[in-house]
Amino acid sequence: MATKTIATKIVQVNEEGFMTNPAEWTKEIAAEIAKEDGIAELTAAHWKVIEFCRKEGMTSGKAPTLRQITSGAGVTTKEMFALFPKGPAKKVAHISGLGKPEGCV
Amino acid sequence: MKKLLILGAGTAGTMVANKLNRLLDKDEWKITIVDQTETHYYQPGFLFIPFGVYTKNDVVKPKRYFMPYGVDLIMSPIEVIEPDHNRVKLSDGRLLDYDFLVIATGADIHPELTPGLGEHEWGQSIHTFYSFEGAQALHKKFKTWEGGRLVVNVVDNPIKCPVAPLEFLMLADWYFHERGMRDKVELIYATPLSGAFTKPIASRLLGDILGQKNIKVVPDFLVEHVDPDAKKLVAFDEQEIPYDLLVSVPLNMGAPVVAKSGLGDELNYIPVNKNTFLSNKFANIFVLGDAAGVPTSKAGSVAHFAVDTFGENFVRYSEGLELLPVFDGHANCFIESGYGKGVLIDFNYTQEPLPGRYPLPGVGPFTLLQESEANHWGKLMFRWMYWNILLKGQELPLPALMSMAGKWVK
């Protein structure tokens with residue numbers, strides 16, 4: 001398993017750059033990954049979604065799918081695309097330090 | 001007498017009925033299976049119908065042919081499942097109680113859930129091959145179609161047989177070439193995934209094959225609505241793709257009765273333990289086949305490997321022993337790539353598809369993640385195996401669990 005230094009912390013990542021141990025995640029790491037993904041600043045709207053995903057991810061052990069986010073976090077699919085352009089579920093899972101959503105197999 | 005009730009006589013349900021009928025003592029068990037339609041479809045065959053490779057007779061047989069002696073088959077829609085009362089209510093009011101329930105009600109397409117998709121252009125400039133009727137209508141359409149831009153779009157994942165859209169495009173490349181009109185047809189694959197397939201190595205290798213065949217992939221495309229009059233797909237991020245002929249894989253969902261019974265997730269799939277298929281909520285309910293919310297492909301091969309591991313495990317469990325976490329998510333898919341060739345992928349929950357040889361390491365005859373004629377013949381042979389071996393729950397000379405032998409690891 002590869003490791004990567006994000007926001008001065010060494011974390012474990014898979015070959016696609018998804019963190020493999022969600023417990024290693026911090027808010028600083030989220031901001032840093034978001035920048036890598038082309039989101040310059042995380043707003044309150046971003047955090048609402050990230051916090052929902054963290055909660056879901058820590059309970060179920062896996063990243064929620066886009067459909068689970070829109071039905072659970074009170075945000076529309078359209079808004080999700082505005083917040084996390086191009087593959088929102090994947091991007092938010094990346095930023096939230098969760099594995100890649102298993103919805104696609 | 002203990003009662004085992006199976007809901008759904010499709011691929012998974014039929015295999016479970018055959019397998020458990022053989023394993024369970026008939027003096028102690030009564031097996032009943034319920035389904036609402038008489039016809040069993042060989043669903044992997046739908047792919048070949050638009051191209052005239054298969055016809056109705058190749059993919060249709062009566063469900064009764066595959067029911068073993070001693071299993072009671074009831075033809076009826078299901079009204080509701082009442083897990084708290086260990087019973088199922090049929091639409092005619094009959095109540096069936098059970099000691100153990102196996103839900104195998106499958107998944108189906110829902111074009112009506114995407115605005116503009118299942119409306120007045122459905123069956124005209126918008127088609128699907130994800131149903132028997134759809135595949136037949138598309139065959140008819142192809143006979144007179146003069147060419148243009150053909151777009152294949154997957155509305156959202158998961159879908160049954162995630163490789164089928166790729167196969168369709170590669171067969172279309174071959175079909176229009178044979179008809180001398182490939183230069184008049186533009187082939188486009190609009191997918192919500194970030195590439196041709198989900199897993200990185202397969203995505204790259206399959207993406208390369210598509211490129212060689214001049215099939216363009218539009219990744220990260222999540223359709224919001226279809227404009228059937230302007231003939232274009234519009235995505236949530238406002239990207240647009242115009243088409244002349246749209247071949248859609250509409251949203252796949254589990255059976256409505258699952259939702260009605262309060263058992264499903266947001267797509268009506270039932271959450272279960274991914275290694276045993278036992279419901280997360282009820283200790284006497286199992287879910288097999290496409291109805292199960294497990295992170296592996298919704299495919300006949302998966303249902304087969306799953307039922308293979310489930311049979312003995314169920315017998316243990318019914319005798320009071322613990323379930324073993326046996327199922328590994330094994331999937332094995334032949335991918336038709338046109339011109340009499342095919343690609344094969346073999347993977348499970350943790351191991352992504354890799355290149356190599358299958359089933360005999362180094363020998364094959366099938367080639368993993370590489371085109372070959374052997375794979376094509378394997379795919380065609382599979383139909384015979386499906387009707388004659390698989391559905392009847394007989395043993396295939398292939399192990400249920402995935403093996404790393406024969407796979408090439410860098």
# chains A, B, ... in the order shown; residues from 1 in each chain; ligands from 1
$ residues_around --residues "range 320-332 of chain B" --least-positions-apart "2" --cutoff "7 Å" --atoms "only C-alpha atoms" --output "tab-separated table (two decimals) with C-alpha atoms, in the first residue's frame"
chain	number	residue	atom	x	y	z
B	275	ASN	CA	-20.13	-12.87	1.90
B	276	THR	CA	-23.25	-14.80	2.98
B	296	THR	CA	-20.25	-6.91	-7.39
B	297	SER	CA	-21.62	-7.09	-10.93
B	301	SER	CA	-22.09	-15.57	-13.59
B	302	VAL	CA	-22.11	-13.84	-10.22
B	305	PHE	CA	-20.95	-18.48	-8.21
B	306	ALA	CA	-23.05	-17.03	-5.39
B	309	THR	CA	-21.36	-21.08	-2.28
B	313	ASN	CA	-23.86	-22.67	3.62
B	316	ARG	CA	-25.27	-25.54	7.70
B	317	TYR	CA	-27.26	-22.52	8.84
B	318	SER	CA	-30.58	-24.36	8.85
B	334	PHE	CA	-17.17	-12.67	-21.66
B	345	ILE	CA	-12.54	-10.60	-17.45
B	346	ASP	CA	-12.39	-12.47	-14.11
B	347	PHE	CA	-12.46	-10.58	-10.81
B	348	ASN	CA	-13.94	-10.33	-7.29
B	349	TYR	CA	-14.62	-7.86	-4.47
B	401	LEU	CA	-14.11	-18.70	-5.92
B	402	MET	CA	-11.73	-16.55	-7.93
$ closest_atom_pairs --of "chain B" --to "chain A" --cutoff "10 Å" --atoms "only C-alpha atoms" --output "Markdown table"
| residue | atom | partner | partner_atom | distance |
| --- | --- | --- | --- | --- |
| B:Asp156 | CA | A:Cys104 | CA | 9.0 |
| B:Asn157 | CA | A:Cys104 | CA | 5.7 |
| B:Pro158 | CA | A:Cys104 | CA | 5.7 |
| B:Ile159 | CA | A:Cys104 | CA | 8.6 |
| B:Cys161 | CA | A:Val105 | CA | 9.6 |
| B:Pro162 | CA | A:Val105 | CA | 7.4 |
| B:Pro192 | CA | A:Gly87 | CA | 7.5 |
| B:Leu193 | CA | A:Cys104 | CA | 7.7 |
| B:Ser194 | CA | A:Gly87 | CA | 7.5 |
| B:Phe197 | CA | A:Val105 | CA | 8.4 |
| B:Thr198 | CA | A:Val105 | CA | 5.9 |
| B:Lys199 | CA | A:Val105 | CA | 7.7 |
| B:Pro200 | CA | A:Glu16 | CA | 8.1 |
| B:Pro219 | CA | A:Lys86 | CA | 9.0 |
| B:Asp220 | CA | A:Gly87 | CA | 5.6 |
| B:Phe221 | CA | A:Lys86 | CA | 8.0 |
| B:Leu222 | CA | A:Gly87 | CA | 8.2 |
| B:Glu224 | CA | A:Lys78 | CA | 8.5 |
| B:Ala235 | CA | A:Lys78 | CA | 9.2 |
| B:Phe236 | CA | A:Lys78 | CA | 5.4 |
| B:Asp237 | CA | A:Phe81 | CA | 5.9 |
| B:Glu238 | CA | A:Lys78 | CA | 9.3 |
| B:Asp265 | CA | A:Gln68 | CA | 8.8 |
| B:Glu266 | CA | A:Gln68 | CA | 6.9 |
| B:Leu267 | CA | A:Arg67 | CA | 8.5 |
| B:Gly293 | CA | A:Gly103 | CA | 9.5 |
| B:Val294 | CA | A:Glu102 | CA | 9.0 |
| B:Pro295 | CA | A:Glu102 | CA | 5.9 |
| B:Thr296 | CA | A:Val105 | CA | 5.6 |
| B:Ser297 | CA | A:Val105 | CA | 5.7 |
| B:Lys298 | CA | A:Val105 | CA | 8.7 |
| B:Asn348 | CA | A:Val105 | CA | 9.8 |
| B:Tyr349 | CA | A:Val105 | CA | 8.9 |
| B:Glu352 | CA | A:Val105 | CA | 9.8 |
$ closest_atom_pairs --of "range 36-85 of chain B" --to "range 94-115 of chain B" --cutoff "12 Å" --atoms "only C-alpha atoms" --output "CSV"
residue,atom,partner,partner_atom,distance
B:Gln36,CA,B:Thr105,CA,10.2
B:Thr37,CA,B:Thr105,CA,11.8
B:Gln43,CA,B:Asp108,CA,11.3
B:Ile74,CA,B:Leu96,CA,10.5
B:Met75,CA,B:Arg94,CA,11.9
B:Ser76,CA,B:Arg94,CA,9.8
B:Pro77,CA,B:Arg94,CA,10.8
B:Ile78,CA,B:Arg94,CA,9.6
B:Glu79,CA,B:Arg94,CA,9.5
B:Val80,CA,B:Leu95,CA,9.9
B:Ile81,CA,B:Leu96,CA,9.6
B:Glu82,CA,B:Asp97,CA,9.4
B:Pro83,CA,B:Leu101,CA,8.9
B:Asp84,CA,B:Asp97,CA,11.1
B:His85,CA,B:Asp97,CA,8.1
$ residues_around --residues "Leu42 in chain A" --least-positions-apart "5" --cutoff "12 Å" --atoms "only C-alpha atoms" --output "VMD selection string"
chain A and resid 27 to 35 37 47 to 51 83 to 84 92 95 to 96
$ write_last_selection --atoms "C-alpha atoms" --output "CSV table (one decimal), in the first residue's frame"
chain,number,residue,atom,x,y,z
A,27,LYS,CA,-10.1,18.9,7.8
A,28,GLU,CA,-6.7,20.2,6.6
A,29,ILE,CA,-6.3,17.1,4.4
A,30,ALA,CA,-9.7,17.7,3.0
A,31,ALA,CA,-8.8,21.3,2.0
A,32,GLU,CA,-5.6,20.1,0.4
A,33,ILE,CA,-7.2,17.3,-1.6
A,34,ALA,CA,-10.0,19.7,-2.7
A,35,LYS,CA,-7.3,22.0,-4.1
A,37,ASP,CA,-9.3,18.3,-7.4
A,47,TRP,CA,-18.7,21.1,4.3
A,48,LYS,CA,-22.4,20.1,4.7
A,49,VAL,CA,-21.9,17.4,2.1
A,50,ILE,CA,-18.5,16.3,3.3
A,51,GLU,CA,-19.8,16.0,6.9
A,83,LEU,CA,-20.1,22.0,-5.8
A,84,PHE,CA,-18.0,19.0,-6.9
A,92,VAL,CA,-16.4,14.1,-2.4
A,95,ILE,CA,-11.9,14.7,-0.3
A,96,SER,CA,-13.6,13.0,2.6
$ select_by_dssp --residues "range 42-285 of chain B" --states "strand (DSSP E)" --output "mmCIF file with N, CA and C atoms, in the first residue's frame"
data_model
loop_
_atom_site.group_PDB
_atom_site.id
_atom_site.type_symbol
_atom_site.label_atom_id
_atom_site.label_comp_id
_atom_site.auth_asym_id
_atom_site.auth_seq_id
_atom_site.Cartn_x
_atom_site.Cartn_y
_atom_site.Cartn_z
ATOM 1 N N VAL B 60 -35.638 -17.514 -25.244
ATOM 2 C CA VAL B 60 -36.908 -17.673 -24.537
ATOM 3 C C VAL B 60 -37.222 -19.143 -24.274
ATOM 4 N N LYS B 61 -37.525 -19.483 -23.023
ATOM 5 C CA LYS B 61 -38.023 -20.824 -22.680
ATOM 6 C C LYS B 61 -38.991 -20.697 -21.501
ATOM 7 N N PRO B 62 -39.886 -21.677 -21.342
ATOM 8 C CA PRO B 62 -40.801 -21.597 -20.192
ATOM 9 C C PRO B 62 -40.065 -21.847 -18.877
ATOM 10 N N ASP B 72 -42.727 -26.607 -5.597
ATOM 11 C CA ASP B 72 -44.042 -26.095 -5.946
ATOM 12 C C ASP B 72 -43.897 -24.704 -6.583
ATOM 13 N N LEU B 73 -44.324 -24.568 -7.836
ATOM 14 C CA LEU B 73 -44.229 -23.273 -8.528
ATOM 15 C C LEU B 73 -45.596 -22.592 -8.529
ATOM 16 N N ILE B 74 -45.637 -21.378 -7.993
ATOM 17 C CA ILE B 74 -46.888 -20.609 -7.984
ATOM 18 C C ILE B 74 -46.735 -19.413 -8.913
ATOM 19 N N MET B 75 -47.668 -19.270 -9.855
ATOM 20 C CA MET B 75 -47.626 -18.137 -10.775
ATOM 21 C C MET B 75 -48.530 -17.031 -10.256
ATOM 22 N N ILE B 78 -46.609 -10.660 -6.484
ATOM 23 C CA ILE B 78 -46.513 -10.614 -5.027
ATOM 24 C C ILE B 78 -47.029 -9.268 -4.559
ATOM 25 N N GLU B 79 -47.904 -9.283 -3.580
ATOM 26 C CA GLU B 79 -48.459 -8.035 -3.061
ATOM 27 C C GLU B 79 -47.461 -7.373 -2.099
ATOM 28 N N VAL B 80 -47.048 -8.114 -1.096
ATOM 29 C CA VAL B 80 -46.122 -7.546 -0.118
ATOM 30 C C VAL B 80 -45.411 -8.660 0.670
ATOM 31 N N ILE B 81 -44.198 -8.364 1.096
ATOM 32 C CA ILE B 81 -43.464 -9.281 1.966
ATOM 33 C C ILE B 81 -43.628 -8.753 3.387
ATOM 34 N N GLU B 82 -44.002 -9.625 4.309
ATOM 35 C CA GLU B 82 -44.185 -9.189 5.704
ATOM 36 C C GLU B 82 -43.186 -9.932 6.596
ATOM 37 N N ARG B 87 -44.186 -14.049 6.532
ATOM 38 C CA ARG B 87 -45.112 -14.473 5.482
ATOM 39 C C ARG B 87 -45.098 -13.501 4.304
ATOM 40 N N VAL B 88 -45.603 -14.008 3.182
ATOM 41 C CA VAL B 88 -45.674 -13.224 1.952
ATOM 42 C C VAL B 88 -47.120 -13.254 1.480
ATOM 43 N N LYS B 89 -47.603 -12.077 1.105
ATOM 44 C CA LYS B 89 -48.976 -12.000 0.619
ATOM 45 C C LYS B 89 -48.943 -11.895 -0.903
ATOM 46 N N LEU B 90 -49.691 -12.765 -1.579
ATOM 47 C CA LEU B 90 -49.772 -12.712 -3.041
ATOM 48 C C LEU B 90 -50.896 -11.759 -3.443
ATOM 49 N N LEU B 95 -51.893 -16.127 1.473
ATOM 50 C CA LEU B 95 -50.761 -15.892 2.369
ATOM 51 C C LEU B 95 -49.852 -17.115 2.359
ATOM 52 N N LEU B 96 -48.568 -16.891 2.155
ATOM 53 C CA LEU B 96 -47.608 -17.989 2.206
ATOM 54 C C LEU B 96 -46.689 -17.740 3.382
ATOM 55 N N ASP B 97 -46.676 -18.636 4.356
ATOM 56 C CA ASP B 97 -45.736 -18.415 5.452
ATOM 57 C C ASP B 97 -44.466 -19.243 5.220
ATOM 58 N N PHE B 100 -37.797 -19.973 6.125
ATOM 59 C CA PHE B 100 -36.710 -19.218 5.495
ATOM 60 C C PHE B 100 -37.212 -18.646 4.166
ATOM 61 N N LEU B 101 -36.774 -17.429 3.885
ATOM 62 C CA LEU B 101 -37.185 -16.770 2.642
ATOM 63 C C LEU B 101 -35.949 -16.430 1.818
ATOM 64 N N VAL B 102 -35.999 -16.759 0.515
ATOM 65 C CA VAL B 102 -34.947 -16.317 -0.403
ATOM 66 C C VAL B 102 -35.592 -15.339 -1.383
ATOM 67 N N ILE B 103 -35.104 -14.109 -1.389
ATOM 68 C CA ILE B 103 -35.640 -13.109 -2.313
ATOM 69 C C ILE B 103 -34.718 -13.048 -3.535
ATOM 70 N N ALA B 107 -33.734 -7.204 -10.981
ATOM 71 C CA ALA B 107 -33.708 -5.764 -11.248
ATOM 72 C C ALA B 107 -34.297 -5.542 -12.629
ATOM 73 N N ASP B 108 -34.820 -4.351 -12.836
ATOM 74 C CA ASP B 108 -35.408 -4.048 -14.147
ATOM 75 C C ASP B 108 -35.128 -2.589 -14.520
ATOM 76 N N ILE B 109 -35.399 -2.254 -15.792
ATOM 77 C CA ILE B 109 -35.111 -0.895 -16.256
ATOM 78 C C ILE B 109 -36.293 0.044 -16.023
ATOM 79 N N ILE B 126 -35.272 6.584 -29.911
ATOM 80 C CA ILE B 126 -34.695 6.168 -28.633
ATOM 81 C C ILE B 126 -35.016 4.689 -28.394
ATOM 82 N N HIS B 127 -33.973 3.909 -28.176
ATOM 83 C CA HIS B 127 -34.153 2.463 -28.009
ATOM 84 C C HIS B 127 -33.374 1.947 -26.807
ATOM 85 N N GLY B 148 -25.631 7.740 -39.100
ATOM 86 C CA GLY B 148 -25.658 8.987 -38.336
ATOM 87 C C GLY B 148 -24.931 8.771 -37.039
ATOM 88 N N ARG B 149 -25.298 9.576 -36.030
ATOM 89 C CA ARG B 149 -24.601 9.475 -34.751
ATOM 90 C C ARG B 149 -25.368 8.581 -33.782
ATOM 91 N N LEU B 150 -24.752 7.448 -33.459
ATOM 92 C CA LEU B 150 -25.378 6.506 -32.522
ATOM 93 C C LEU B 150 -24.723 6.691 -31.155
ATOM 94 N N VAL B 151 -25.525 7.083 -30.166
ATOM 95 C CA VAL B 151 -24.999 7.287 -28.824
ATOM 96 C C VAL B 151 -25.553 6.213 -27.890
ATOM 97 N N VAL B 152 -24.648 5.517 -27.203
ATOM 98 C CA VAL B 152 -25.061 4.596 -26.149
ATOM 99 C C VAL B 152 -24.869 5.322 -24.821
ATOM 100 N N ASN B 153 -25.929 5.392 -24.022
ATOM 101 C CA ASN B 153 -25.846 6.108 -22.747
ATOM 102 C C ASN B 153 -26.312 5.242 -21.587
ATOM 103 N N VAL B 154 -25.478 5.167 -20.560
ATOM 104 C CA VAL B 154 -25.863 4.522 -19.310
ATOM 105 C C VAL B 154 -26.355 5.632 -18.391
ATOM 106 N N VAL B 185 -21.513 5.910 -39.826
ATOM 107 C CA VAL B 185 -21.967 5.791 -38.443
ATOM 108 C C VAL B 185 -20.887 6.271 -37.475
ATOM 109 N N GLU B 186 -21.307 7.194 -36.596
ATOM 110 C CA GLU B 186 -20.413 7.661 -35.548
ATOM 111 C C GLU B 186 -20.841 6.956 -34.259
ATOM 112 N N LEU B 187 -19.894 6.321 -33.550
ATOM 113 C CA LEU B 187 -20.246 5.572 -32.344
ATOM 114 C C LEU B 187 -19.715 6.275 -31.092
ATOM 115 N N ILE B 188 -20.624 6.583 -30.177
ATOM 116 C CA ILE B 188 -20.253 7.329 -28.973
ATOM 117 C C ILE B 188 -20.785 6.620 -27.730
ATOM 118 N N TYR B 189 -19.947 6.552 -26.692
ATOM 119 C CA TYR B 189 -20.356 5.949 -25.419
ATOM 120 C C TYR B 189 -20.334 7.011 -24.336
ATOM 121 N N ALA B 190 -21.523 7.440 -23.895
ATOM 122 C CA ALA B 190 -21.635 8.445 -22.837
ATOM 123 C C ALA B 190 -21.922 7.734 -21.524
ATOM 124 N N ILE B 215 -14.420 4.152 -31.498
ATOM 125 C CA ILE B 215 -15.593 4.397 -30.651
ATOM 126 C C ILE B 215 -15.168 5.423 -29.607
ATOM 127 N N LYS B 216 -15.895 6.558 -29.577
ATOM 128 C CA LYS B 216 -15.496 7.650 -28.700
ATOM 129 C C LYS B 216 -16.171 7.520 -27.334
ATOM 130 N N VAL B 217 -15.381 7.658 -26.266
ATOM 131 C CA VAL B 217 -15.941 7.587 -24.914
ATOM 132 C C VAL B 217 -16.104 9.004 -24.351
ATOM 133 N N VAL B 218 -17.301 9.348 -23.900
ATOM 134 C CA VAL B 218 -17.517 10.605 -23.175
ATOM 135 C C VAL B 218 -17.697 10.233 -21.701
ATOM 136 N N VAL B 223 -26.617 11.865 -17.143
ATOM 137 C CA VAL B 223 -27.712 12.494 -17.877
ATOM 138 C C VAL B 223 -28.777 13.024 -16.905
ATOM 139 N N GLU B 224 -29.229 14.265 -17.171
ATOM 140 C CA GLU B 224 -30.271 14.869 -16.353
ATOM 141 C C GLU B 224 -31.614 14.697 -17.057
ATOM 142 N N HIS B 225 -31.630 15.010 -18.348
ATOM 143 C CA HIS B 225 -32.823 14.721 -19.138
ATOM 144 C C HIS B 225 -32.463 14.521 -20.603
ATOM 145 N N VAL B 226 -33.416 13.954 -21.337
ATOM 146 C CA VAL B 226 -33.254 13.796 -22.777
ATOM 147 C C VAL B 226 -34.225 14.771 -23.428
ATOM 148 N N ASP B 227 -33.766 15.460 -24.453
ATOM 149 C CA ASP B 227 -34.677 16.297 -25.230
ATOM 150 C C ASP B 227 -35.032 15.505 -26.485
ATOM 151 N N LYS B 232 -31.197 15.348 -28.186
ATOM 152 C CA LYS B 232 -29.928 15.491 -27.458
ATOM 153 C C LYS B 232 -30.063 15.046 -26.012
ATOM 154 N N LEU B 233 -28.920 14.601 -25.476
ATOM 155 C CA LEU B 233 -28.828 14.252 -24.061
ATOM 156 C C LEU B 233 -28.283 15.484 -23.337
ATOM 157 N N VAL B 234 -28.870 15.828 -22.184
ATOM 158 C CA VAL B 234 -28.366 16.955 -21.409
ATOM 159 C C VAL B 234 -27.954 16.440 -20.028
ATOM 160 N N ALA B 235 -26.711 16.730 -19.642
ATOM 161 C CA ALA B 235 -26.185 16.227 -18.369
ATOM 162 C C ALA B 235 -26.436 17.220 -17.244
ATOM 163 N N GLU B 240 -23.903 18.713 -23.354
ATOM 164 C CA GLU B 240 -24.941 18.172 -24.229
ATOM 165 C C GLU B 240 -24.330 17.235 -25.247
ATOM 166 N N ILE B 241 -25.045 16.179 -25.581
ATOM 167 C CA ILE B 241 -24.611 15.288 -26.656
ATOM 168 C C ILE B 241 -25.778 15.076 -27.621
ATOM 169 N N PRO B 242 -25.660 15.596 -28.845
ATOM 170 C CA PRO B 242 -26.711 15.336 -29.829
ATOM 171 C C PRO B 242 -26.604 13.909 -30.386
ATOM 172 N N LEU B 245 -29.533 8.438 -33.192
ATOM 173 C CA LEU B 245 -30.156 7.250 -32.607
ATOM 174 C C LEU B 245 -29.575 7.078 -31.204
ATOM 175 N N LEU B 246 -30.467 7.073 -30.206
ATOM 176 C CA LEU B 246 -30.021 6.900 -28.817
ATOM 177 C C LEU B 246 -30.334 5.481 -28.360
ATOM 178 N N VAL B 247 -29.296 4.780 -27.905
ATOM 179 C CA VAL B 247 -29.510 3.461 -27.312
ATOM 180 C C VAL B 247 -29.228 3.622 -25.820
ATOM 181 N N SER B 248 -30.296 3.582 -25.038
ATOM 182 C CA SER B 248 -30.184 3.902 -23.619
ATOM 183 C C SER B 248 -30.159 2.651 -22.752
ATOM 184 N N VAL B 249 -29.357 2.719 -21.689
ATOM 185 C CA VAL B 249 -29.470 1.743 -20.614
ATOM 186 C C VAL B 249 -30.116 2.516 -19.471
ATOM 187 N N ASN B 252 -31.529 1.219 -13.621
ATOM 188 C CA ASN B 252 -31.884 -0.125 -13.152
ATOM 189 C C ASN B 252 -32.306 -0.033 -11.691
ATOM 190 N N MET B 253 -33.388 -0.704 -11.366
ATOM 191 C CA MET B 253 -33.836 -0.735 -9.964
ATOM 192 C C MET B 253 -34.346 -2.114 -9.584
ATOM 193 N N GLY B 254 -34.285 -2.410 -8.296
ATOM 194 C CA GLY B 254 -34.860 -3.653 -7.793
ATOM 195 C C GLY B 254 -36.379 -3.602 -7.896
ATOM 196 N N ILE B 270 -31.627 -4.838 -1.733
ATOM 197 C CA ILE B 270 -31.757 -5.191 -0.320
ATOM 198 C C ILE B 270 -30.376 -5.358 0.321
ATOM 199 N N PRO B 271 -30.092 -4.576 1.369
ATOM 200 C CA PRO B 271 -28.780 -4.693 2.021
ATOM 201 C C PRO B 271 -28.601 -6.075 2.667
ATOM 202 N N ILE B 285 -33.911 -14.351 6.252
ATOM 203 C CA ILE B 285 -34.093 -13.886 4.874
ATOM 204 C C ILE B 285 -32.737 -13.771 4.165
#
$ atom_distance --atom1 "CA of Phe129 in chain B" --atom2 "CA of Cys333 in chain B"
17.9 Å
$ closest_residue --among "B:Asn273, B:Asn57, B:Asn375, B:Gln394" --to "His304 in chain B" --atoms "only C-alpha atoms"
B:Gln394
$ residues_around --residues "range 11-14 of chain A" --least-positions-apart "4" --cutoff "12 Å" --atoms "only C-alpha atoms" --output "ChimeraX atom specification"
/A:1-7,18-26,29,94,97-100 /B:200
$ select_by_dssp --residues "range 30-278 of chain B" --states "alpha helix (DSSP H)" --output "number ranges by chain"
B: 56-59, 132-144, 164-178, 200-212, 256-260
$ atom_distance --atom1 "CA of Leu117 in chain B" --atom2 "CA of Ser131 in chain B"
15.1 Å
